Amino acid sequence: MRRVLLLLLLLVSVEGGRVRGQHTHTPESFPLDFTAVEGNVEGFMAQVKSLAQSLYLCSSQRLEHQMKLQILKNTSVTCNDGSPAGYYIKESRGSRRWLVFLEGGWYCFSKHTCDSRYESMRRLMSSSNWPPTRTGTGILSPQPEENPHWWNANTVFVPYCSSDVWSGSTPKTDQNDYAFMGSLIIQEVIQELLTKGLDGAKVLLLAGSSAGGTGVLLNLDRVCARLQAEGVFSVQVRGLVDSGWFLDHQQFSRGDCRHTLSCAPTDAIRRGVRYWHSVVPERCSRAHDGQDWNCFFGYKVQPTIQSPVFVVQWLFDEAQLAVDNIHLTGQRLQESQWRYIQNLATTLRNTLANVTAMFAPACLSHEIITRSYWTDVHVKGTSLPRALQCWDRSLRHHGNSSAQAPHRGCPLQLIDSCPWPHCNPSCPSVREQQMSAVQFLTKLGFDIQRMAQQQGIEPNTLLGMLNNGS
């Protein structure tokens, strides 16, 4: 109880300083630690929220929840169509923690695929219709009950408008119909944030989902190098990769490259690297003898990255299955498709074997860290926010070095061992559809008798495994 009261007093102190218009000088924002209240977290968070609301009701100012649009001052760094790139920011005075999030949204790799993308997904290629503000959700949320450890950080959302997996370096010209400047956009954002307090930060977490997650892998060390080139050596730069750990294995059925989704990832990236004039990590490029397309696949680039990385990856990622030409539209799957899906999870587990910090649920989904339900998914009894807090603790006194051994009850490598989609009962779509894992799999044509026979176990044993998430 004493720790709870201390936390509330700290909240009063920090928020009170803001109300008076003063800058607080806390060493860093304080992530909420639930160790002392694990038995009644919901009640504790209700008290914190009520206190925060009371503080602001008594003041002339309101808690700022919105991230505000900032167009880059260097207007030569643009989106695909030549409109200026930018970012959304919510500053948190007194905090020395910064979270910069890279949006995802596939890619295009030829004039044909980019023309098609511009017609159907123009918001991912232009800033012309960006709203003046955005509200963060998940790890970008300013609400402590939704975002228990990063709610008080300086938050930056960088919209994806370069269609190049955040790797391109070429402007729009008379010869080029589109600009591909993803890597330059990140560099310009970091440069501007230095004037807004990033130069005094303690931690910078570069996060991203899907193509944004791959963008983190491609740009993390370059961001660190950029800070050091500006004379900023005190910031601990870390990466959070959500649903960006793609595989370059063989598709279930071979597709052509007339459309983005039918093109094998290796073929699409090989074409894209040339079309985008991609910039990849130098260490990775050297490791693969200049075959830079390899650096877009997590298990190939991650061993060359010097900054700490936390990987969040669904074992049955919907985007990976889509590019592999496994389409889950509610129709019953063939046995060969089930085998392919099972092998996908096995391959993914193998590629994560040497990753020091991960969270990999056996779910059929895509992206999680900006979803409001991101606190609800568990692996081996641990939620994703809790796993990230454990990782943060392991790095806290070690700068950008590797994480130390995890504390008891604070695991860093969380990966489901059960072999089927949604055998984890906390998976999002199972919960949303209010059906059991067995009901969900049966709907897709999962044959309990046949699969039990293949595994050499009794059908009732397999049913128990699925129901228990084991």
# chains A, B, ... in the order shown; residues from 1 in each chain; ligands from 1
>>> closest_atom_pairs(of="stretch 194-250 of chain A", to="stretch 94-103 of chain A", cutoff="9 Å", atoms="only C-alpha atoms", output="JSON lines")
{"residue": "A:Gly197", "atom": "CA", "partner": "A:Arg96", "partner_atom": "CA", "distance": 8.1}
{"residue": "A:Leu198", "atom": "CA", "partner": "A:Trp98", "partner_atom": "CA", "distance": 7.2}
{"residue": "A:Gly200", "atom": "CA", "partner": "A:Arg96", "partner_atom": "CA", "distance": 6.8}
{"residue": "A:Ala201", "atom": "CA", "partner": "A:Arg96", "partner_atom": "CA", "distance": 4.4}
{"residue": "A:Lys202", "atom": "CA", "partner": "A:Arg96", "partner_atom": "CA", "distance": 5.3}
{"residue": "A:Val203", "atom": "CA", "partner": "A:Arg97", "partner_atom": "CA", "distance": 5.0}
{"residue": "A:Leu204", "atom": "CA", "partner": "A:Trp98", "partner_atom": "CA", "distance": 4.8}
{"residue": "A:Leu205", "atom": "CA", "partner": "A:Leu99", "partner_atom": "CA", "distance": 4.8}
{"residue": "A:Leu206", "atom": "CA", "partner": "A:Val100", "partner_atom": "CA", "distance": 5.0}
{"residue": "A:Ala207", "atom": "CA", "partner": "A:Phe101", "partner_atom": "CA", "distance": 4.7}
{"residue": "A:Gly208", "atom": "CA", "partner": "A:Leu102", "partner_atom": "CA", "distance": 4.4}
{"residue": "A:Ser209", "atom": "CA", "partner": "A:Glu103", "partner_atom": "CA", "distance": 6.1}
{"residue": "A:Ser210", "atom": "CA", "partner": "A:Glu103", "partner_atom": "CA", "distance": 7.8}
{"residue": "A:Ala211", "atom": "CA", "partner": "A:Glu103", "partner_atom": "CA", "distance": 7.3}
{"residue": "A:Gly212", "atom": "CA", "partner": "A:Leu102", "partner_atom": "CA", "distance": 4.7}
{"residue": "A:Gly213", "atom": "CA", "partner": "A:Leu102", "partner_atom": "CA", "distance": 7.2}
{"residue": "A:Gly215", "atom": "CA", "partner": "A:Leu102", "partner_atom": "CA", "distance": 7.3}
{"residue": "A:Val216", "atom": "CA", "partner": "A:Leu102", "partner_atom": "CA", "distance": 7.5}
>>> residues_around(residues="stretch 354-359 of chain A", least_positions_apart="3", cutoff="8 Å", atoms="only C-alpha atoms", output="number ranges by chain")
A: 309-313, 351, 379, 384, 387, 391, 403, 412-415
>>> residues_around(residues="A:Pro361", least_positions_apart="3", cutoff="9 Å", atoms="only C-alpha atoms", output="PyMOL selection string")
chain A and resi 312-316+364+377-379+414-417+422+424+426-427
>>> write_last_selection(atoms="all heavy atoms", output="CSV table (one decimal), in the first residue's frame")
chain,number,residue,atom,x,y,z
A,312,VAL,N,7.7,-8.9,-31.8
A,312,VAL,CA,6.3,-9.3,-31.5
A,312,VAL,C,5.8,-9.9,-32.8
A,312,VAL,O,5.8,-9.2,-33.9
A,312,VAL,CB,5.4,-8.2,-31.1
A,312,VAL,CG1,4.0,-8.7,-30.8
A,312,VAL,CG2,6.0,-7.5,-29.9
A,313,GLN,N,5.5,-11.2,-32.8
A,313,GLN,CA,5.1,-11.8,-34.1
A,313,GLN,C,4.0,-12.9,-33.8
A,313,GLN,O,4.2,-13.8,-33.1
A,313,GLN,CB,6.3,-12.4,-34.8
A,313,GLN,CG,6.0,-13.0,-36.1
A,313,GLN,CD,5.6,-11.9,-37.1
A,313,GLN,OE1,6.2,-10.8,-37.1
A,313,GLN,NE2,4.7,-12.2,-38.0
A,314,TRP,N,2.9,-12.8,-34.5
A,314,TRP,CA,1.9,-13.9,-34.5
A,314,TRP,C,2.5,-15.1,-35.2
A,314,TRP,O,3.1,-14.9,-36.3
A,314,TRP,CB,0.6,-13.4,-35.2
A,314,TRP,CG,0.0,-12.2,-34.7
A,314,TRP,CD1,-0.1,-11.0,-35.3
A,314,TRP,CD2,-0.8,-12.1,-33.5
A,314,TRP,NE1,-0.8,-10.1,-34.6
A,314,TRP,CE2,-1.3,-10.7,-33.4
A,314,TRP,CE3,-1.1,-12.9,-32.4
A,314,TRP,CZ2,-2.0,-10.2,-32.4
A,314,TRP,CZ3,-1.9,-12.4,-31.4
A,314,TRP,CH2,-2.3,-11.1,-31.4
A,315,LEU,N,2.4,-16.2,-34.6
A,315,LEU,CA,2.9,-17.4,-35.3
A,315,LEU,C,2.2,-17.8,-36.6
A,315,LEU,O,2.7,-18.5,-37.4
A,315,LEU,CB,2.9,-18.6,-34.3
A,315,LEU,CG,3.8,-18.6,-33.1
A,315,LEU,CD1,3.7,-19.8,-32.2
A,315,LEU,CD2,5.3,-18.4,-33.6
A,316,PHE,N,0.9,-17.3,-36.7
A,316,PHE,CA,0.1,-17.5,-37.9
A,316,PHE,C,-0.3,-16.2,-38.4
A,316,PHE,O,-1.4,-15.8,-38.3
A,316,PHE,CB,-1.1,-18.4,-37.6
A,316,PHE,CG,-0.7,-19.7,-37.0
A,316,PHE,CD1,-0.7,-19.9,-35.6
A,316,PHE,CD2,-0.3,-20.8,-37.8
A,316,PHE,CE1,-0.3,-21.1,-35.0
A,316,PHE,CE2,0.0,-22.0,-37.2
A,316,PHE,CZ,0.0,-22.2,-35.8
A,364,LEU,N,-4.0,-16.4,-35.2
A,364,LEU,CA,-4.1,-16.0,-36.6
A,364,LEU,C,-4.6,-14.5,-36.6
A,364,LEU,O,-5.7,-14.2,-36.4
A,364,LEU,CB,-5.2,-16.9,-37.3
A,364,LEU,CG,-5.5,-16.6,-38.7
A,364,LEU,CD1,-4.3,-17.0,-39.6
A,364,LEU,CD2,-6.7,-17.4,-39.2
A,377,VAL,N,-3.9,-10.1,-24.7
A,377,VAL,CA,-3.3,-11.4,-25.2
A,377,VAL,C,-2.1,-11.8,-24.3
A,377,VAL,O,-1.3,-10.9,-24.0
A,377,VAL,CB,-2.8,-11.1,-26.7
A,377,VAL,CG1,-2.1,-12.4,-27.2
A,377,VAL,CG2,-4.0,-10.7,-27.6
A,378,HIS,N,-2.1,-13.1,-24.0
A,378,HIS,CA,-1.0,-13.6,-23.1
A,378,HIS,C,-0.3,-14.7,-23.7
A,378,HIS,O,-0.9,-15.5,-24.5
A,378,HIS,CB,-1.7,-14.0,-21.7
A,378,HIS,CG,-2.2,-12.9,-20.9
A,378,HIS,ND1,-3.4,-12.2,-21.2
A,378,HIS,CD2,-1.8,-12.4,-19.7
A,378,HIS,CE1,-3.6,-11.3,-20.3
A,378,HIS,NE2,-2.6,-11.4,-19.4
A,379,VAL,N,0.9,-14.9,-23.4
A,379,VAL,CA,1.7,-16.1,-23.7
A,379,VAL,C,2.3,-16.6,-22.4
A,379,VAL,O,3.0,-15.9,-21.7
A,379,VAL,CB,2.8,-15.8,-24.7
A,379,VAL,CG1,3.7,-17.0,-24.9
A,379,VAL,CG2,2.3,-15.3,-26.0
A,414,LEU,N,9.0,-15.3,-24.9
A,414,LEU,CA,7.7,-15.9,-24.8
A,414,LEU,C,7.2,-16.3,-26.1
A,414,LEU,O,6.9,-15.5,-27.0
A,414,LEU,CB,6.8,-14.8,-24.1
A,414,LEU,CG,7.1,-14.5,-22.7
A,414,LEU,CD1,6.4,-13.1,-22.3
A,414,LEU,CD2,6.5,-15.6,-21.8
A,415,ILE,N,7.0,-17.6,-26.3
A,415,ILE,CA,6.6,-18.2,-27.6
A,415,ILE,C,5.7,-19.4,-27.3
A,415,ILE,O,6.1,-20.3,-26.5
A,415,ILE,CB,7.8,-18.5,-28.5
A,415,ILE,CG1,7.3,-19.0,-29.9
A,415,ILE,CG2,8.7,-19.5,-27.8
A,415,ILE,CD1,8.4,-19.0,-30.9
A,416,ASP,N,4.5,-19.4,-27.9
A,416,ASP,CA,3.6,-20.5,-27.7
A,416,ASP,C,4.2,-21.8,-28.3
A,416,ASP,O,4.8,-21.7,-29.4
A,416,ASP,CB,2.2,-20.2,-28.3
A,416,ASP,CG,1.3,-19.5,-27.4
A,416,ASP,OD1,1.4,-19.6,-26.2
A,416,ASP,OD2,0.4,-18.7,-27.9
A,417,SER,N,3.9,-22.9,-27.7
A,417,SER,CA,4.4,-24.2,-28.2
A,417,SER,C,3.3,-25.0,-28.9
A,417,SER,O,3.5,-26.0,-29.6
A,417,SER,CB,5.0,-25.0,-27.1
A,417,SER,OG,4.1,-25.2,-26.0
A,422,HIS,N,-4.9,-20.3,-33.0
A,422,HIS,CA,-5.9,-20.0,-32.0
A,422,HIS,C,-5.9,-21.1,-30.9
A,422,HIS,O,-6.9,-21.2,-30.2
A,422,HIS,CB,-7.3,-19.8,-32.6
A,422,HIS,CG,-7.3,-18.5,-33.3
A,422,HIS,ND1,-7.0,-17.3,-32.8
A,422,HIS,CD2,-7.6,-18.3,-34.6
A,422,HIS,CE1,-7.2,-16.4,-33.7
A,422,HIS,NE2,-7.5,-16.9,-34.8
A,424,ASN,N,-4.1,-20.8,-28.4
A,424,ASN,CA,-4.0,-19.9,-27.3
A,424,ASN,C,-5.4,-19.2,-27.1
A,424,ASN,O,-5.9,-18.5,-27.9
A,424,ASN,CB,-3.0,-18.8,-27.6
A,424,ASN,CG,-2.8,-17.8,-26.5
A,424,ASN,OD1,-3.7,-17.5,-25.7
A,424,ASN,ND2,-1.5,-17.3,-26.4
A,426,SER,N,-6.4,-16.7,-25.5
A,426,SER,CA,-6.5,-15.3,-25.4
A,426,SER,C,-6.4,-14.6,-26.8
A,426,SER,O,-6.3,-13.4,-26.9
A,426,SER,CB,-5.4,-14.7,-24.5
A,426,SER,OG,-4.1,-14.9,-25.1
A,427,CYS,N,-6.3,-15.4,-27.9
A,427,CYS,CA,-6.2,-14.9,-29.2
A,427,CYS,C,-7.4,-13.9,-29.5
A,427,CYS,O,-8.5,-14.2,-29.2
A,427,CYS,CB,-6.2,-16.0,-30.3
A,427,CYS,SG,-4.7,-17.0,-30.3
>>> select_by_dssp(residues="stretch 222-443 of chain A", states="strand (DSSP E or B)", output="count of residues only")
25
>>> select_by_dssp(residues="stretch 192-288 of chain A", states="alpha helix (DSSP H)", output="number ranges by chain")
A: 192-193, 211-229, 265-276, 282-287
>>> atom_distance(atom1="atom CA of A:Ser167", atom2="atom CA of A:Ser183")
4.6 Å
>>> residues_around(residues="A:Asp324", least_positions_apart="4", cutoff="9 Å", atoms="only C-alpha atoms", output="CSV table (one decimal) with C-alpha atoms, in the first residue's frame")
chain,number,residue,atom,x,y,z
A,249,HIS,CA,10.1,-19.3,-47.9
A,250,GLN,CA,8.3,-20.9,-50.8
A,251,GLN,CA,4.6,-19.9,-51.3
A,252,PHE,CA,1.8,-22.5,-51.0
A,253,SER,CA,1.0,-21.7,-54.6
A,254,ARG,CA,3.1,-19.7,-57.0
A,255,GLY,CA,1.7,-16.3,-58.0
A,261,LEU,CA,-0.4,-9.6,-52.8
A,262,SER,CA,0.2,-12.4,-55.4
A,263,CYS,CA,3.9,-11.7,-55.8
A,264,ALA,CA,6.2,-13.8,-53.6
A,265,PRO,CA,8.0,-11.6,-51.0
A,319,ALA,CA,-0.2,-11.0,-44.0
A,320,GLN,CA,2.4,-13.8,-44.3
>>> atom_distance(atom1="atom CA of A:Ser110", atom2="atom CA of A:Trp166")
16.0 Å
>>> closest_residue(among="A:Arg134, A:Arg396, A:His112, A:Arg226", to="A:Lys68", atoms="only C-alpha atoms")
A:Arg134
>>> atom_distance(atom1="atom CA of A:Thr173", atom2="atom CA of A:Ser127")
18.1 Å
>>> closest_residue(among="A:Leu72, A:Ala287, A:Ile269, A:Ala225", to="A:Ile185", atoms="only C-alpha atoms")
A:Leu72
>>> closest_residue(among="A:Gln187, A:Asn129, A:Gln337, A:Asn154", to="A:Met67", atoms="only C-alpha atoms")
A:Asn154
>>> closest_residue(among="A:Leu69, A:Ile341, A:Leu388, A:Cys114", to="A:Ile369", atoms="only C-alpha atoms")
A:Leu388
